[in-house]
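Here is the structure we will look at.
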Amino acid sequence: MKKLNQAMLTIAAASLLSASPLWAAGTSAVYASSPAPLNDVIQKNLEQLSTLLPYMKELPVQTVEMAADSSTVVITRKAEKAKLPEMTIFMQKTGEIKSFSLDSGANEMDQELSLGEQKKKAEAFLTAAHQKGLVDCSLAELQYNEASSKSLNGAVFAKSINRIPVEQKKVFVSLDGAGNVVEFSNEASLNGSPDPSKLPSPSEAMSPEQAKQAMTNMMKPFYRLTGPDKTPSLVYQVVGSGYMDAKTGSWVDTEHAKFKSFTGEFFYDIPVAPPGQPLAARSKEEAASILQNVFGFELAGASFSEQNGSAAGKSYKEYRWTKNNENRFVTVDPTSGLVFSAGLDTGEDSVQPPASSKISLEDAKKAAVQLIQPFLDPDSKAVVLETRLYIEPQGHFNFAVYPATNGIPFVEKAFQVTINSDTGKPIRLIGPSVRDKFTLPDPKNAISAEQAMQEYLKYHPLELTYFYPINQSKQADQPVLVYKAQINPDVLEFVDAVTGKIVPR
């Protein structure tokens with residue numbers, strides 16, 4: 001059977017970061033809490049739930065815990081003598097179900113119902129659950145989302161206001177091959193319901209054709225490796241947070257962008273002049289020279305360690321210096337010495353966001369470009385720089401720096417760079433995943449951005465929705481009206497600029 005987190009984390013990536021996602025509520029703190037008694041309402045609703053889920057009668061052993069927020073009770077049900085199946089229920093003190101999941105330990109992927117059957121049975125469950133007081137939101141208040149349902153292989157609904165779905169108020173229902181509801185999550189009542197009269201009216205939104213044109217302006221070319229053979233391709237991809245203000249056509253600033261590629265501001269055609277062959281470190285002394293002369297780190301008095309390892313199928317050698325709980329490191333290819341990454345370990349407490357930035361974005365850009373030049377291939381002539389928001393370490397300047405050919409950035413050859421916003425000095429550099437040389441498609445043979453958008457929207461149609469932005473880990477009090485491209489599990493987010501076809505997964 002599918003685990004709860006498999007589906008729920010996918011929704012989390014899409015609807016994200018509501019201050020505490022309901023399916024995670026109490027998960028770490030629950031086990032440290034003390035047993036909690038069941039009030040009459042919860043006891044009654046458990047009995048009501050068992051009438052909808054007959055398998056609960058086979059799970060008589062019950063434990064109860066109070067979640068850290070003190071408003072949620074976590075009930076675990078098991079069989080008398082077997083570890084599995086096990087059911088976990090998150091229920092509010094009011095008796096409304098937040099979520100539940102059944103772990104049978106079996107793999108029933110081949111027995112799953114069709115989407116149509118899941119939708120029909122999910123609607124029947126939601127109707128009965130609402131009638132029994134287990135779910136506040138009625139089926140009439142929900143809209144079925146076919147694209148998300150296909151992506152998650154379950155039934156996904158969203159609360160509807162002014163006939164527009166609300167992005168972060170979803171309900172998810174999953175059934176096994178026998179038609180039993182085995183996973184359920186209810187965001188529809190989370191954090192209350194907004195006043196429809198205070199929300200932007202759908203009549204204020206630009207037309208779908210205007211939204212299409214605004215998004216076309218954000219469709220940019222990239223070189224990247226595609227397909228199982230990692231073929232170098234020229235593609236078009238939309239840049240931005242993924243949520244476009246339906247009134248202005250600009251991208252909404254939100255931390256949801258951390259789950260997407262190409263969400264920052266791009267700066268093109270920045271000239272570079274690498275001094276020679278890319279810097280390498282084949283010894284402790286050469287690694288120390290990189291940290292001292294390129295990063296400006298002081299290593300005197302630091303303890304040294306060296307180790308070999310592997311990650312993502314690649315072997316590496318690491319040189320590390322530690323002093324006052326700060327770790328400076330260089331990781332290299334053990335054969336060639338080419339640098340994979342270098343700098344300050346950003347997992348350390350020493351990398352804290354400053355109270356305010358003392359250097360400008362322009363100065364930080366110059367520092368980032370200067371930092372990578374010794375590591376570039378000698379034939380590099382220009383780079384494209386992208387600001388990277390919402391990634392660690394927060395409060396500093398994070399960039400992706402792409403070597404460019406024909407003015408077009410090459411995705412897999414990007415350097416990730418962090419510049420200290422207080423001092424202007426480098427904190428960290430992570431090198432590209434690919435160093436090979438490729439023959440790249442000629443952009444003269446590419447279709448236009450308008451043609452690429454036409455193909456893109458066949459597979460990712462635009463959807464008008466209400467959406468709560470997240471900034472500084474806080475959700476906005478009121479949603480905004482946005483256009484977003486729908487998820488499609490069968491294809492990727494980019495279009496081949498030469499063939500004019502969407503790229504399959």
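Order determines the names: the first chain of the structure tokens is A, the second B, and so forth; residues in each chain are numbered 1 upward, and ligands are numbered 1 upward as they are shown.
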
Hey, could you make a per-residue contact list for stretch 439-485 of chain A against stretch 256-264 of chain A with 12 Å as the cut-off, showing the nearest pair of atoms and its distance in Å to one decimal, counting only C-alpha atoms, sorted by chain and number, as a Markdown table?
```
| residue | atom | partner | partner_atom | distance |
| --- | --- | --- | --- | --- |
| A:Phe467 | CA | A:His256 | CA | 10.8 |
| A:Tyr468 | CA | A:His256 | CA | 10.0 |
| A:Pro469 | CA | A:His256 | CA | 7.7 |
| A:Ile470 | CA | A:His256 | CA | 7.0 |
| A:Asn471 | CA | A:His256 | CA | 9.0 |
| A:Gln472 | CA | A:His256 | CA | 11.2 |
| A:Ser473 | CA | A:His256 | CA | 10.2 |
| A:Lys474 | CA | A:His256 | CA | 11.6 |
| A:Gln475 | CA | A:His256 | CA | 10.8 |
```

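Restricting the calculation to only C-alpha atoms, the smallest distance between A:Ser50 and any of A:Ser336, A:Gln210, A:Asn180, A:Thr405 is found for A:Asn180.
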
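By chain and then residue number, the residues within 12 Å of A:Tyr459 are Ala147, Ala452, Met453, Gln454, Glu455, Ala485, Gln486, Ile487, Asn488, Pro489, Asp490, Val491, Leu492, Glu493, Phe494, Val495, Lys501, Ile502, Val503 and Pro504 of chain A, counting only C-alpha atoms and disregarding those fewer than 4 positions away in sequence.
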
Residues from the last selection, N, CA and C atoms, saved as an mmCIF file, in the first residue's frame:
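Once written, part_24.cif looks like this:
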```cif
data_model
loop_
_atom_site.group_PDB
_atom_site.id
_atom_site.type_symbol
_atom_site.label_atom_id
_atom_site.label_comp_id
_atom_site.auth_asym_id
_atom_site.auth_seq_id
_atom_site.Cartn_x
_atom_site.Cartn_y
_atom_site.Cartn_z
ATOM 1 N N ALA A 147 -6.121 16.961 -12.688
ATOM 2 C CA ALA A 147 -4.675 16.922 -12.916
ATOM 3 C C ALA A 147 -3.932 16.471 -11.658
ATOM 4 N N ALA A 452 6.492 27.724 -28.427
ATOM 5 C CA ALA A 452 6.785 26.857 -27.280
ATOM 6 C C ALA A 452 5.676 26.940 -26.236
ATOM 7 N N MET A 453 5.155 28.131 -25.990
ATOM 8 C CA MET A 453 4.080 28.291 -25.010
ATOM 9 C C MET A 453 2.814 27.568 -25.472
ATOM 10 N N GLN A 454 2.538 27.633 -26.779
ATOM 11 C CA GLN A 454 1.369 26.942 -27.314
ATOM 12 C C GLN A 454 1.451 25.439 -27.011
ATOM 13 N N GLU A 455 2.614 24.858 -27.207
ATOM 14 C CA GLU A 455 2.826 23.434 -26.914
ATOM 15 C C GLU A 455 2.769 23.161 -25.414
ATOM 16 N N ALA A 485 0.159 27.057 -13.815
ATOM 17 C CA ALA A 485 0.110 25.964 -14.780
ATOM 18 C C ALA A 485 -0.142 24.660 -14.040
ATOM 19 N N GLN A 486 -1.044 23.854 -14.557
ATOM 20 C CA GLN A 486 -1.391 22.613 -13.887
ATOM 21 C C GLN A 486 -0.266 21.594 -13.994
ATOM 22 N N ILE A 487 -0.188 20.737 -12.987
ATOM 23 C CA ILE A 487 0.802 19.661 -12.954
ATOM 24 C C ILE A 487 0.396 18.583 -13.953
ATOM 25 N N ASN A 488 1.389 18.012 -14.637
ATOM 26 C CA ASN A 488 1.143 16.872 -15.512
ATOM 27 C C ASN A 488 2.216 15.827 -15.229
ATOM 28 N N PRO A 489 1.819 14.677 -14.679
ATOM 29 C CA PRO A 489 2.823 13.688 -14.280
ATOM 30 C C PRO A 489 3.488 12.978 -15.451
ATOM 31 N N ASP A 490 2.973 13.152 -16.662
ATOM 32 C CA ASP A 490 3.503 12.418 -17.812
ATOM 33 C C ASP A 490 4.604 13.166 -18.551
ATOM 34 N N VAL A 491 4.684 14.488 -18.349
ATOM 35 C CA VAL A 491 5.651 15.281 -19.111
ATOM 36 C C VAL A 491 6.396 16.221 -18.167
ATOM 37 N N LEU A 492 7.508 16.751 -18.668
ATOM 38 C CA LEU A 492 8.309 17.689 -17.892
ATOM 39 C C LEU A 492 7.812 19.114 -18.107
ATOM 40 N N GLU A 493 8.521 20.048 -17.505
ATOM 41 C CA GLU A 493 8.088 21.450 -17.533
ATOM 42 C C GLU A 493 8.699 22.223 -18.689
ATOM 43 N N PHE A 494 9.339 21.523 -19.623
ATOM 44 C CA PHE A 494 9.972 22.264 -20.709
ATOM 45 C C PHE A 494 9.679 21.645 -22.069
ATOM 46 N N VAL A 495 9.868 22.496 -23.084
ATOM 47 C CA VAL A 495 9.561 22.163 -24.470
ATOM 48 C C VAL A 495 10.856 22.136 -25.269
ATOM 49 N N LYS A 501 8.266 19.960 -29.414
ATOM 50 C CA LYS A 501 7.450 19.025 -28.636
ATOM 51 C C LYS A 501 7.798 19.117 -27.143
ATOM 52 N N ILE A 502 6.776 18.879 -26.316
ATOM 53 C CA ILE A 502 6.989 18.799 -24.880
ATOM 54 C C ILE A 502 7.914 17.627 -24.590
ATOM 55 N N VAL A 503 8.740 17.744 -23.550
ATOM 56 C CA VAL A 503 9.701 16.676 -23.230
ATOM 57 C C VAL A 503 9.043 15.704 -22.245
ATOM 58 N N PRO A 504 8.944 14.418 -22.579
ATOM 59 C CA PRO A 504 8.310 13.443 -21.682
ATOM 60 C C PRO A 504 9.188 13.138 -20.484
#
```

Quick one: residues within 6 Å of stretch 56-60 of chain A, only C-alpha atoms counted, chain neighbours fewer than 5 positions away excluded, as a PDB file with all heavy atoms, in the first residue's frame?
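Once everything was written out, this is part.pdb:
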```
ATOM      1  N   SER A  50     -15.731   4.474  12.075  1.00  0.00           N
ATOM      2  CA  SER A  50     -15.637   3.025  11.906  1.00  0.00           C
ATOM      3  C   SER A  50     -16.801   2.470  11.087  1.00  0.00           C
ATOM      4  O   SER A  50     -16.678   1.414  10.459  1.00  0.00           O
ATOM      5  CB  SER A  50     -15.563   2.330  13.270  1.00  0.00           C
ATOM      6  OG  SER A  50     -16.787   2.466  13.970  1.00  0.00           O
ATOM      7  N   ARG A  77      -4.450   2.719  15.900  1.00  0.00           N
ATOM      8  CA  ARG A  77      -5.228   1.484  16.014  1.00  0.00           C
ATOM      9  C   ARG A  77      -4.435   0.343  15.387  1.00  0.00           C
ATOM     10  O   ARG A  77      -3.896   0.463  14.282  1.00  0.00           O
ATOM     11  CB  ARG A  77      -6.585   1.630  15.303  1.00  0.00           C
ATOM     12  CG  ARG A  77      -7.488   2.719  15.843  1.00  0.00           C
ATOM     13  CD  ARG A  77      -8.226   2.290  17.087  1.00  0.00           C
ATOM     14  NE  ARG A  77      -9.214   1.256  16.813  1.00  0.00           N
ATOM     15  CZ  ARG A  77     -10.519   1.502  16.656  1.00  0.00           C
ATOM     16  NH1 ARG A  77     -10.983   2.747  16.748  1.00  0.00           N
ATOM     17  NH2 ARG A  77     -11.366   0.511  16.422  1.00  0.00           N
ATOM     18  N   LYS A  78      -4.378  -0.803  16.104  1.00  0.00           N
ATOM     19  CA  LYS A  78      -3.656  -1.974  15.619  1.00  0.00           C
ATOM     20  C   LYS A  78      -4.486  -3.228  15.861  1.00  0.00           C
ATOM     21  O   LYS A  78      -5.445  -3.217  16.634  1.00  0.00           O
ATOM     22  CB  LYS A  78      -2.314  -2.130  16.339  1.00  0.00           C
ATOM     23  CG  LYS A  78      -1.332  -1.001  16.155  1.00  0.00           C
ATOM     24  CD  LYS A  78      -0.043  -1.303  16.908  1.00  0.00           C
ATOM     25  CE  LYS A  78       0.967  -0.191  16.771  1.00  0.00           C
ATOM     26  NZ  LYS A  78       2.224  -0.483  17.515  1.00  0.00           N
ATOM     27  N   ALA A  79      -4.036  -4.316  15.212  1.00  0.00           N
ATOM     28  CA  ALA A  79      -4.583  -5.623  15.524  1.00  0.00           C
ATOM     29  C   ALA A  79      -4.016  -6.091  16.864  1.00  0.00           C
ATOM     30  O   ALA A  79      -3.030  -5.536  17.368  1.00  0.00           O
ATOM     31  CB  ALA A  79      -4.241  -6.617  14.415  1.00  0.00           C
TER      32      ALA A  79
END
```
